[in-house]
Amino acid sequence: MDSKSDSAESIYVPDAVQRAAKILVVGHFAVGKTTLIGTLSEITPLRTEERMTQAAAQVDDLRGAPDKTTTTVALDFGRLTLSDELVLYLFGTPGQQRFVELWEDMARGSLGALLLVDPARLADTFPVIDLVETYGLEYAVAVNSFDPYSQHAEDELREALDLLPDTPVVFCDARDQKSSAHALITLVRHLLTHAT
């Protein structure tokens, strides 16, 4: 996972890989989806980041992210090889409601979703949960710890988000590779449990 070089060997999937899985990375606006995919991707990630304009500043709620200057306008894409036989394709959805029509196409063929949550903006998560459940995707919740000193207990978050008992909840820092990988592994394990 540490190799982010642009050499020919890292651009193409090894011949031994026999399976590919599509995973969505979802969450509300400015929760860290682009950061998490960039942290995990073994290739240079595809990003559709654009500078935020004055017009967008009137529409997008920047509370909790006052320094945000760019936003995803279509999708993020990254790749992570899990084993000699399995590769994950990570698709990050845009977080604003005006881009929600992209979700149907992005959800098609996805095995599941890693739902990023900012504990300071839980109310923004409900529309995302509704979309994930509308498309019938299994998911795990990754609480992106923007402020490590304001940790909420897992049971408080479960109750606040009205999660099913078997929905995994994990704490992560989208900027940290090990922490982000742990969140993704939690989702993959959950998907494997529900596949049997």
# chains A, B, ... in the order shown; residues from 1 in each chain; ligands from 1
$ select_by_dssp --residues "region 86-176 of chain A" --states "strand (DSSP E or B)" --output "ChimeraX atom specification"
/A:86-92,110-117,138-144,169-172
$ atom_distance --atom1 "CA of Glu101 (chain A)" --atom2 "CA of Tyr135 (chain A)"
12.3 Å
$ residues_around --residues "Leu115 (chain A)" --least-positions-apart "3" --cutoff "10 Å" --atoms "only C-alpha atoms" --output "VMD selection string"
chain A and resid 24 to 28 31 33 112 125 128 to 129 132 139 to 144 169 183 187
$ closest_residue --among "A:Thr81, A:Ser145, A:Thr44, A:Thr39" --to "Gln177 (chain A)" --atoms "only C-alpha atoms"
A:Thr39
$ atom_distance --atom1 "CA of Leu114 (chain A)" --atom2 "CA of Ser41 (chain A)"
14.7 Å
$ residues_around --residues "Pro127 (chain A)" --least-positions-apart "4" --cutoff "12 Å" --atoms "only C-alpha atoms" --output "JSON, numbers by chain"
{"A": [26, 27, 28, 29, 95, 96, 97, 100, 115, 117, 122, 123, 131, 132, 133, 134, 161]}
$ write_last_selection --atoms "N, CA, C and O atoms" --output "PDB file, in the first residue's frame"
ATOM      1  N   VAL A  26     -18.716   6.829   0.899  1.00  0.00           N
ATOM      2  CA  VAL A  26     -19.813   7.791   0.905  1.00  0.00           C
ATOM      3  C   VAL A  26     -19.787   8.617   2.190  1.00  0.00           C
ATOM      4  O   VAL A  26     -19.144   8.253   3.166  1.00  0.00           O
ATOM      5  N   GLY A  27     -20.528   9.698   2.153  1.00  0.00           N
ATOM      6  CA  GLY A  27     -20.642  10.555   3.325  1.00  0.00           C
ATOM      7  C   GLY A  27     -21.097  11.926   2.890  1.00  0.00           C
ATOM      8  O   GLY A  27     -21.144  12.235   1.697  1.00  0.00           O
ATOM      9  N   HIS A  28     -21.404  12.744   3.864  1.00  0.00           N
ATOM     10  CA  HIS A  28     -21.874  14.083   3.548  1.00  0.00           C
ATOM     11  C   HIS A  28     -20.726  14.970   3.062  1.00  0.00           C
ATOM     12  O   HIS A  28     -19.558  14.566   3.057  1.00  0.00           O
ATOM     13  N   PHE A  29     -21.051  16.146   2.663  1.00  0.00           N
ATOM     14  CA  PHE A  29     -20.110  17.148   2.178  1.00  0.00           C
ATOM     15  C   PHE A  29     -19.006  17.389   3.210  1.00  0.00           C
ATOM     16  O   PHE A  29     -19.264  17.541   4.398  1.00  0.00           O
ATOM     17  N   GLY A  95     -20.693  14.689  -1.988  1.00  0.00           N
ATOM     18  CA  GLY A  95     -21.520  14.747  -0.796  1.00  0.00           C
ATOM     19  C   GLY A  95     -22.702  15.691  -0.846  1.00  0.00           C
ATOM     20  O   GLY A  95     -23.560  15.646   0.025  1.00  0.00           O
ATOM     21  N   GLN A  96     -22.760  16.544  -1.861  1.00  0.00           N
ATOM     22  CA  GLN A  96     -23.852  17.516  -1.911  1.00  0.00           C
ATOM     23  C   GLN A  96     -25.105  16.911  -2.524  1.00  0.00           C
ATOM     24  O   GLN A  96     -25.041  16.099  -3.430  1.00  0.00           O
ATOM     25  N   GLN A  97     -26.241  17.359  -2.042  1.00  0.00           N
ATOM     26  CA  GLN A  97     -27.537  16.868  -2.529  1.00  0.00           C
ATOM     27  C   GLN A  97     -27.709  17.090  -4.032  1.00  0.00           C
ATOM     28  O   GLN A  97     -28.362  16.292  -4.696  1.00  0.00           O
ATOM     29  N   VAL A 100     -26.813  14.050  -6.189  1.00  0.00           N
ATOM     30  CA  VAL A 100     -27.350  12.767  -5.761  1.00  0.00           C
ATOM     31  C   VAL A 100     -27.766  11.882  -6.946  1.00  0.00           C
ATOM     32  O   VAL A 100     -27.793  10.662  -6.829  1.00  0.00           O
ATOM     33  N   LEU A 115     -19.223   4.261   4.958  1.00  0.00           N
ATOM     34  CA  LEU A 115     -19.902   5.518   5.250  1.00  0.00           C
ATOM     35  C   LEU A 115     -19.065   6.332   6.234  1.00  0.00           C
ATOM     36  O   LEU A 115     -18.944   5.976   7.396  1.00  0.00           O
ATOM     37  N   VAL A 117     -18.369   9.480   8.610  1.00  0.00           N
ATOM     38  CA  VAL A 117     -19.219  10.303   9.463  1.00  0.00           C
ATOM     39  C   VAL A 117     -18.349  11.296  10.229  1.00  0.00           C
ATOM     40  O   VAL A 117     -17.289  10.926  10.735  1.00  0.00           O
ATOM     41  N   LEU A 122     -23.643  15.022  12.687  1.00  0.00           N
ATOM     42  CA  LEU A 122     -24.382  13.771  12.503  1.00  0.00           C
ATOM     43  C   LEU A 122     -25.657  13.956  11.692  1.00  0.00           C
ATOM     44  O   LEU A 122     -26.025  13.077  10.904  1.00  0.00           O
ATOM     45  N   ALA A 123     -26.329  15.076  11.835  1.00  0.00           N
ATOM     46  CA  ALA A 123     -27.584  15.297  11.106  1.00  0.00           C
ATOM     47  C   ALA A 123     -27.358  15.246   9.599  1.00  0.00           C
ATOM     48  O   ALA A 123     -28.245  14.822   8.850  1.00  0.00           O
ATOM     49  N   LEU A 131     -29.843   7.057   1.325  1.00  0.00           N
ATOM     50  CA  LEU A 131     -29.443   6.668  -0.033  1.00  0.00           C
ATOM     51  C   LEU A 131     -28.811   5.279  -0.057  1.00  0.00           C
ATOM     52  O   LEU A 131     -29.123   4.461  -0.918  1.00  0.00           O
ATOM     53  N   VAL A 132     -27.906   5.029   0.889  1.00  0.00           N
ATOM     54  CA  VAL A 132     -27.243   3.716   0.955  1.00  0.00           C
ATOM     55  C   VAL A 132     -28.287   2.618   1.120  1.00  0.00           C
ATOM     56  O   VAL A 132     -28.237   1.580   0.441  1.00  0.00           O
ATOM     57  N   GLU A 133     -29.251   2.843   1.990  1.00  0.00           N
ATOM     58  CA  GLU A 133     -30.282   1.837   2.223  1.00  0.00           C
ATOM     59  C   GLU A 133     -31.245   1.740   1.045  1.00  0.00           C
ATOM     60  O   GLU A 133     -31.723   0.650   0.721  1.00  0.00           O
ATOM     61  N   THR A 134     -31.526   2.846   0.370  1.00  0.00           N
ATOM     62  CA  THR A 134     -32.374   2.828  -0.830  1.00  0.00           C
ATOM     63  C   THR A 134     -31.788   1.920  -1.897  1.00  0.00           C
ATOM     64  O   THR A 134     -32.511   1.193  -2.575  1.00  0.00           O
ATOM     65  N   LEU A 161     -27.448   7.531  15.277  1.00  0.00           N
ATOM     66  CA  LEU A 161     -27.622   7.226  13.850  1.00  0.00           C
ATOM     67  C   LEU A 161     -28.663   6.138  13.610  1.00  0.00           C
ATOM     68  O   LEU A 161     -28.956   5.802  12.460  1.00  0.00           O
TER      69      LEU A 161
END
$ residues_around --residues "Phe146 (chain A)" --least-positions-apart "5" --cutoff "10 Å" --atoms "only C-alpha atoms" --output "list in words"
Val31, Gly32, Gly64, Val117, Asp118, Pro119, Ala120, Gln151, Cys172, Asp173, Ala174 and Arg175 of chain A
$ select_by_dssp --residues "region 94-186 of chain A" --states "helix (DSSP H, G or I)" --output "ChimeraX atom specification"
/A:97-99,102-107,119-134,148-150,154-161,177-186
$ atom_distance --atom1 "CA of Glu159 (chain A)" --atom2 "CA of His182 (chain A)"
22.7 Å
$ closest_residue --among "A:His152, A:Lys22, A:Asp15, A:Ile185" --to "Gly109 (chain A)" --atoms "only C-alpha atoms"
A:Lys22
